[in-house]
file entry.cif (mmCIF, C-alpha atoms and all ligand atoms)
data_input
loop_
_atom_site.group_PDB
_atom_site.id
_atom_site.type_symbol
_atom_site.label_atom_id
_atom_site.label_comp_id
_atom_site.auth_asym_id
_atom_site.auth_seq_id
_atom_site.Cartn_x
_atom_site.Cartn_y
_atom_site.Cartn_z
ATOM 1 C CA MET A 221 65.670 23.747 123.807
ATOM 2 C CA ALA A 222 65.899 21.298 120.916
ATOM 3 C CA ALA A 223 68.446 22.250 118.249
ATOM 4 C CA GLY A 224 66.083 20.979 115.543
ATOM 5 C CA ARG A 225 63.867 23.995 116.069
ATOM 6 C CA PHE A 226 66.523 26.335 114.709
ATOM 7 C CA PRO A 227 67.088 25.501 111.025
ATOM 8 C CA SER A 228 67.743 27.981 108.227
ATOM 9 C CA PHE A 229 65.144 28.234 105.445
ATOM 10 C CA GLY A 230 67.577 26.667 102.958
ATOM 11 C CA LEU A 231 68.631 23.910 105.394
ATOM 12 C CA ALA A 232 72.180 25.021 104.563
ATOM 13 C CA THR A 233 73.979 23.447 107.493
ATOM 14 C CA PRO A 234 72.957 21.441 110.552
ATOM 15 C CA PRO A 235 71.258 23.643 113.191
ATOM 16 C CA ALA A 236 73.348 24.933 116.085
ATOM 17 C CA PRO A 237 73.983 22.272 118.726
ATOM 18 C CA ARG A 238 72.711 24.560 121.475
ATOM 19 C CA ALA A 239 70.126 27.320 121.832
ATOM 20 C CA ILE A 240 69.503 29.716 124.691
ATOM 21 C CA GLY A 241 66.858 32.318 125.392
ATOM 22 C CA ALA A 242 67.288 36.036 124.732
ATOM 23 C CA ASP A 243 67.093 36.964 128.419
ATOM 24 C CA GLU A 244 69.929 34.570 129.272
ATOM 25 C CA ALA A 245 72.026 35.911 126.397
ATOM 26 C CA ILE A 246 71.495 39.525 127.437
ATOM 27 C CA ALA A 247 72.562 38.692 130.993
ATOM 28 C CA LEU A 248 75.732 36.947 129.703
ATOM 29 C CA LEU A 249 76.582 39.849 127.397
ATOM 30 C CA LYS A 250 75.996 42.547 129.990
ATOM 31 C CA GLY A 251 77.977 40.527 132.539
ATOM 32 C CA GLY A 252 80.901 40.169 130.121
ATOM 33 C CA GLN A 253 80.662 36.374 130.362
ATOM 34 C CA ALA A 254 79.969 35.561 126.703
ATOM 35 C CA LYS A 255 83.041 34.217 124.894
ATOM 36 C CA PRO A 256 83.797 35.808 121.495
ATOM 37 C CA ALA A 257 81.821 34.116 118.690
ATOM 38 C CA SER A 258 79.978 31.876 121.155
ATOM 39 C CA LEU A 259 76.546 33.456 120.646
ATOM 40 C CA LEU A 260 74.619 34.230 117.461
ATOM 41 C CA ALA A 261 71.138 35.719 117.307
ATOM 42 C CA TYR A 262 68.466 33.621 115.574
ATOM 43 C CA GLY A 263 65.608 35.692 114.163
ATOM 44 C CA ASN A 264 63.035 33.498 112.469
ATOM 45 C CA GLY A 265 65.405 31.349 110.378
ATOM 46 C CA ARG A 266 64.212 32.703 107.026
ATOM 47 C CA SER A 267 67.760 33.100 105.716
ATOM 48 C CA TYR A 268 68.555 30.864 102.756
ATOM 49 C CA GLY A 269 72.179 30.362 103.780
ATOM 50 C CA ASP A 270 73.889 29.674 107.071
ATOM 51 C CA SER A 271 73.914 33.214 108.497
ATOM 52 C CA CYS A 272 71.533 32.225 111.315
ATOM 53 C CA GLN A 273 73.473 29.077 112.221
ATOM 54 C CA ASN A 274 76.324 28.733 114.676
ATOM 55 C CA GLY A 275 78.193 25.448 114.642
ATOM 56 C CA ALA A 276 80.768 26.891 117.022
ATOM 57 C CA GLY A 277 78.448 27.837 119.855
ATOM 58 C CA ALA A 278 74.843 28.615 120.650
ATOM 59 C CA VAL A 279 72.066 30.456 118.862
ATOM 60 C CA VAL A 280 69.946 32.937 120.777
ATOM 61 C CA ASP A 281 66.218 32.658 120.144
ATOM 62 C CA MET A 282 65.149 36.286 119.679
ATOM 63 C CA ARG A 283 61.472 35.535 119.148
ATOM 64 C CA SER A 284 60.553 35.992 122.802
ATOM 65 C CA LEU A 285 61.535 39.678 122.498
ATOM 66 C CA ASN A 286 58.428 40.519 120.534
ATOM 67 C CA ARG A 287 56.929 43.683 122.004
ATOM 68 C CA ILE A 288 55.881 46.734 120.061
ATOM 69 C CA HIS A 289 56.684 49.533 122.500
ATOM 70 C CA ALA A 290 55.371 52.586 120.694
ATOM 71 C CA PHE A 291 53.654 53.526 117.454
ATOM 72 C CA ASN A 292 52.989 57.059 116.275
ATOM 73 C CA ALA A 293 49.764 56.929 114.281
ATOM 74 C CA GLU A 294 50.553 60.375 112.792
ATOM 75 C CA THR A 295 54.050 59.650 111.466
ATOM 76 C CA GLY A 296 54.087 55.848 111.349
ATOM 77 C CA VAL A 297 57.307 55.723 113.415
ATOM 78 C CA LEU A 298 57.438 52.513 115.418
ATOM 79 C CA LYS A 299 59.643 51.377 118.320
ATOM 80 C CA ALA A 300 59.842 47.621 118.878
ATOM 81 C CA ASP A 301 61.920 44.693 120.100
ATOM 82 C CA ALA A 302 64.132 42.919 117.564
ATOM 83 C CA GLY A 303 62.122 39.689 117.702
ATOM 84 C CA VAL A 304 58.873 41.213 116.449
ATOM 85 C CA LEU A 305 57.794 39.710 113.116
ATOM 86 C CA LEU A 306 57.089 41.990 110.168
ATOM 87 C CA SER A 307 53.681 40.291 109.993
ATOM 88 C CA ASP A 308 52.912 41.628 113.483
ATOM 89 C CA ILE A 309 54.123 45.119 112.551
ATOM 90 C CA ILE A 310 51.905 45.073 109.469
ATOM 91 C CA ALA A 311 48.899 43.898 111.514
ATOM 92 C CA HIS A 312 49.552 46.683 114.014
ATOM 93 C CA ALA A 313 50.148 49.515 111.529
ATOM 94 C CA ALA A 314 47.803 48.715 108.638
ATOM 95 C CA PRO A 315 44.591 49.794 110.413
ATOM 96 C CA TYR A 316 46.185 53.269 110.717
ATOM 97 C CA GLY A 317 46.971 53.345 106.994
ATOM 98 C CA PHE A 318 50.683 52.511 107.330
ATOM 99 C CA PHE A 319 52.765 49.708 105.795
ATOM 100 C CA PRO A 320 56.543 49.143 106.070
ATOM 101 C CA ALA A 321 58.364 51.062 103.329
ATOM 102 C CA VAL A 322 60.419 47.954 102.438
ATOM 103 C CA VAL A 323 59.367 44.316 102.815
ATOM 104 C CA PRO A 324 61.089 41.138 101.578
ATOM 105 C CA GLY A 325 59.235 38.312 99.844
ATOM 106 C CA THR A 326 58.012 36.924 103.169
ATOM 107 C CA GLN A 327 56.470 38.735 106.131
ATOM 108 C CA PHE A 328 57.710 36.048 108.524
ATOM 109 C CA VAL A 329 61.060 37.665 109.267
ATOM 110 C CA THR A 330 61.939 39.475 112.468
ATOM 111 C CA LEU A 331 62.729 43.161 112.717
ATOM 112 C CA GLY A 332 66.277 42.215 113.782
ATOM 113 C CA GLY A 333 66.747 39.871 110.819
ATOM 114 C CA ALA A 334 65.485 42.523 108.402
ATOM 115 C CA ILE A 335 67.958 45.060 109.782
ATOM 116 C CA VAL A 336 70.959 42.713 109.953
ATOM 117 C CA ASN A 337 70.608 41.470 106.362
ATOM 118 C CA ASP A 338 69.438 44.945 105.270
ATOM 119 C CA VAL A 339 66.717 43.292 103.219
ATOM 120 C CA HIS A 340 65.269 44.712 100.017
ATOM 121 C CA GLY A 341 61.898 44.513 98.341
ATOM 122 C CA LYS A 342 60.586 44.945 94.824
ATOM 123 C CA ASN A 343 60.753 48.744 95.257
ATOM 124 C CA HIS A 344 64.527 48.793 95.825
ATOM 125 C CA HIS A 345 65.097 51.311 93.009
ATOM 126 C CA ARG A 346 62.732 53.793 94.701
ATOM 127 C CA ARG A 347 62.860 53.232 98.482
ATOM 128 C CA GLY A 348 66.268 51.575 98.952
ATOM 129 C CA THR A 349 66.840 48.889 101.562
ATOM 130 C CA PHE A 350 65.181 48.296 104.938
ATOM 131 C CA GLY A 351 67.983 50.152 106.692
ATOM 132 C CA CYS A 352 67.088 53.375 104.864
ATOM 133 C CA HIS A 353 63.970 53.489 107.055
ATOM 134 C CA VAL A 354 65.558 52.663 110.433
ATOM 135 C CA GLU A 355 66.147 55.688 112.654
ATOM 136 C CA SER A 356 68.210 53.900 115.308
ATOM 137 C CA PHE A 357 68.841 50.578 117.032
ATOM 138 C CA THR A 358 70.783 49.250 120.004
ATOM 139 C CA LEU A 359 73.322 46.477 119.393
ATOM 140 C CA LEU A 360 74.755 44.152 122.054
ATOM 141 C CA ARG A 361 78.045 42.501 121.076
ATOM 142 C CA SER A 362 79.865 39.488 122.524
HETATM 143 C C1 LIG B 401 60.301 33.122 100.961
HETATM 144 C C2 LIG B 401 61.419 34.107 101.243
HETATM 145 C C3 LIG B 401 61.486 35.288 100.502
HETATM 146 C C4 LIG B 401 62.522 36.202 100.756
HETATM 147 N N1 LIG B 401 62.558 37.349 100.033
HETATM 148 C C5 LIG B 401 63.538 38.250 100.240
HETATM 149 C C6 LIG B 401 63.581 39.480 99.522
HETATM 150 O O1 LIG B 401 62.735 39.756 98.671
HETATM 151 N N2 LIG B 401 64.578 40.358 99.808
HETATM 152 C C7 LIG B 401 65.522 40.101 100.771
HETATM 153 O O2 LIG B 401 66.396 40.955 100.991
HETATM 154 N N3 LIG B 401 65.502 38.937 101.478
HETATM 155 C C8 LIG B 401 64.535 38.022 101.226
HETATM 156 N N4 LIG B 401 64.514 36.853 101.962
HETATM 157 C C9 LIG B 401 65.538 36.638 102.967
HETATM 158 C C10 LIG B 401 65.105 37.141 104.373
HETATM 159 O O3 LIG B 401 64.394 38.342 104.258
HETATM 160 C C11 LIG B 401 66.372 37.425 105.202
HETATM 161 O O4 LIG B 401 67.198 36.287 105.249
HETATM 162 C C12 LIG B 401 66.052 37.876 106.629
HETATM 163 O O5 LIG B 401 67.220 38.388 107.229
HETATM 164 C C13 LIG B 401 65.517 36.740 107.494
HETATM 165 O O6 LIG B 401 65.148 37.268 108.743
HETATM 166 P P1 LIG B 401 64.998 36.350 110.048
HETATM 167 O O7 LIG B 401 64.347 37.181 111.102
HETATM 168 O O8 LIG B 401 64.370 35.043 109.704
HETATM 169 O O9 LIG B 401 66.539 36.193 110.469
HETATM 170 P P2 LIG B 401 67.473 34.892 110.519
HETATM 171 O O10 LIG B 401 67.446 34.212 109.200
HETATM 172 O O11 LIG B 401 67.136 34.081 111.717
HETATM 173 O O12 LIG B 401 68.883 35.626 110.759
HETATM 174 C C14 LIG B 401 69.452 36.431 109.724
HETATM 175 C C15 LIG B 401 70.716 37.123 110.260
HETATM 176 O O13 LIG B 401 70.329 38.127 111.177
HETATM 177 C C16 LIG B 401 70.975 37.926 112.433
HETATM 178 N N5 LIG B 401 70.012 38.378 113.439
HETATM 179 C C17 LIG B 401 68.686 38.077 113.508
HETATM 180 N N6 LIG B 401 68.122 38.714 114.520
HETATM 181 C C18 LIG B 401 69.099 39.444 115.126
HETATM 182 C C19 LIG B 401 69.140 40.307 116.257
HETATM 183 N N7 LIG B 401 68.041 40.560 116.981
HETATM 184 N N8 LIG B 401 70.331 40.885 116.612
HETATM 185 C C20 LIG B 401 71.449 40.636 115.888
HETATM 186 N N9 LIG B 401 71.484 39.814 114.818
HETATM 187 C C21 LIG B 401 70.320 39.232 114.434
HETATM 188 C C22 LIG B 401 71.281 36.438 112.478
HETATM 189 O O14 LIG B 401 72.369 36.152 113.350
HETATM 190 C C23 LIG B 401 71.639 36.175 111.025
HETATM 191 O O15 LIG B 401 72.979 36.583 110.774
HETATM 192 C C24 LIG B 401 63.508 35.931 101.747
HETATM 193 C C25 LIG B 401 63.431 34.745 102.494
HETATM 194 C C26 LIG B 401 62.402 33.833 102.251
HETATM 195 C C27 LIG B 401 62.349 32.565 103.064
#
call {"tool": "encode", "arguments": {"input": "entry.cif", "output": "structure tokens", "more": "lines below"}}
Ligand SMILES: Cc1cc2nc3c(=O)[nH]c(=O)nc-3n(C[C@H](O)[C@H](O)[C@H](O)COP(=O)(O)OP(=O)(O)OC[C@H]3O[C@@H](n4cnc5c(N)ncnc54)[C@H](O)[C@@H]3O)c2cc1C
result
Amino acid sequence: MAAGRFPSFGLATPPAPRAIGADEAIALLKGGQAKPASLLAYGNGRSYGDSCQNGAGAVVDMRSLNRIHAFNAETGVLKADAGVLLSDIIAHAAPYGFFPAVVPGTQFVTLGGAIVNDVHGKNHHRRGTFGCHVESFTLLRS
């Protein structure tokens, strides 16, 4: 994959020299073969700073993990992969009368990126941050 496809929104630093797919990263992590600090998840690059960049190793393109696994049309509780965009969640849930409780100023962020940066919206004083509305998640660490 070309490194140029993995900038940050603010073009803070040069993109990571190397990028790998999520499936490859998961196999490395589960096999204990990933060196510490060698892998960093890349959501959709909407961070202003360098938090989605990894000059010391590779970024992992999370956007292929983009399945919505379950949605409860009664409660609005949704189970999805980390690479799903908020825009896709909105498109899926809105016809049932649901909308995410907290959204940042762009819908083109991934679920994983919204959780990791614990993003806030204009209703922060009432609904808190994104994490206030996350029931659980699974985290793989290098
Ligand atoms: C126009 C615009 C408006 C914005 N408005 C707001 C706002 O109102 N409020 C606000 O809080 N933010 C706002 N932001 C910032 C944006 O919401 C955050 O930077 C968000 O985290 C970007 O998500 P992303 O999926 O693009 O993640 P990236 O920018 O790609 O990554 C962000 C961080 O999450 C990590 N990460 C991503 N996916 C995973 C994963 N699956 N597993 C583990 N780690 C992961 C990355 O390693 C990185 O550290 C705005 C950004 C833009 C461009």
call {"tool": "residues_around", "arguments": {"input": "entry.cif", "residues": "Gly241 of chain A", "least_positions_apart": "4", "cutoff": "7 Å", "atoms": "only C-alpha atoms", "output": "VMD selection string"}}
result
chain A and resid 245 280 to 281
call {"tool": "closest_residue", "arguments": {"input": "entry.cif", "among": "A:Val329, A:Ile288, A:Val322, A:Ala313", "to": "ligand LIG 401 (chain B)", "atoms": "only C-alpha atoms and all ligand atoms"}}
result
A:Val329
call {"tool": "closest_residue", "arguments": {"input": "entry.cif", "among": "A:His344, A:Lys250, A:His289, A:His353", "to": "ligand LIG 401 (chain B)", "atoms": "all atoms listed in the file"}}
result
A:His344
call {"tool": "residues_near_ligand", "arguments": {"input": "entry.cif", "ligand": "ligand LIG 401 (chain B)", "cutoff": "7 Å", "atoms": "all atoms listed in the file", "output": "ChimeraX atom specification"}}
result
/A:228-229,260-268,271-272,282,302-303,324-326,328-334,336-342,359
call {"tool": "residues_around", "arguments": {"input": "entry.cif", "residues": "Tyr316 of chain A", "least_positions_apart": "2", "cutoff": "12 Å", "atoms": "all atoms listed in the file", "output": "VMD selection string"}}
result
chain A and resid 291 to 297 309 to 314 318 to 319
call {"tool": "atom_distance", "arguments": {"input": "entry.cif", "atom1": "atom CA of Ser258 of chain A", "atom2": "atom CA of Thr233 of chain A"}}
result
17.1 Å
call {"tool": "atom_distance", "arguments": {"input": "entry.cif", "atom1": "atom CA of Lys255 of chain A", "atom2": "atom CA of Asp301 of chain A"}}
result
24.1 Å
call {"tool": "atom_distance", "arguments": {"input": "entry.cif", "atom1": "atom CA of Phe350 of chain A", "atom2": "atom CA of Ala300 of chain A"}}
result
14.9 Å
call {"tool": "closest_residue", "arguments": {"input": "entry.cif", "among": "A:Asp243, A:Thr358, A:Pro237, A:Arg347", "to": "Leu285 of chain A", "atoms": "all atoms listed in the file"}}
result
A:Asp243
call {"tool": "closest_residue", "arguments": {"input": "entry.cif", "among": "A:Ser362, A:Val304, A:Arg283, A:Cys352", "to": "Gly251 of chain A", "atoms": "only C-alpha atoms"}}
result
A:Ser362
call {"tool": "axis_aligned_box", "arguments": {"input": "entry.cif", "around": "segment 280-287 of chain A", "padding_each_side": "6 Å", "output": "lines of an AutoDock Vina configuration file"}}
result
center_x = 63.4
center_y = 38.2
center_z = 121.0
size_x = 25.0
size_y = 23.0
size_z = 15.7
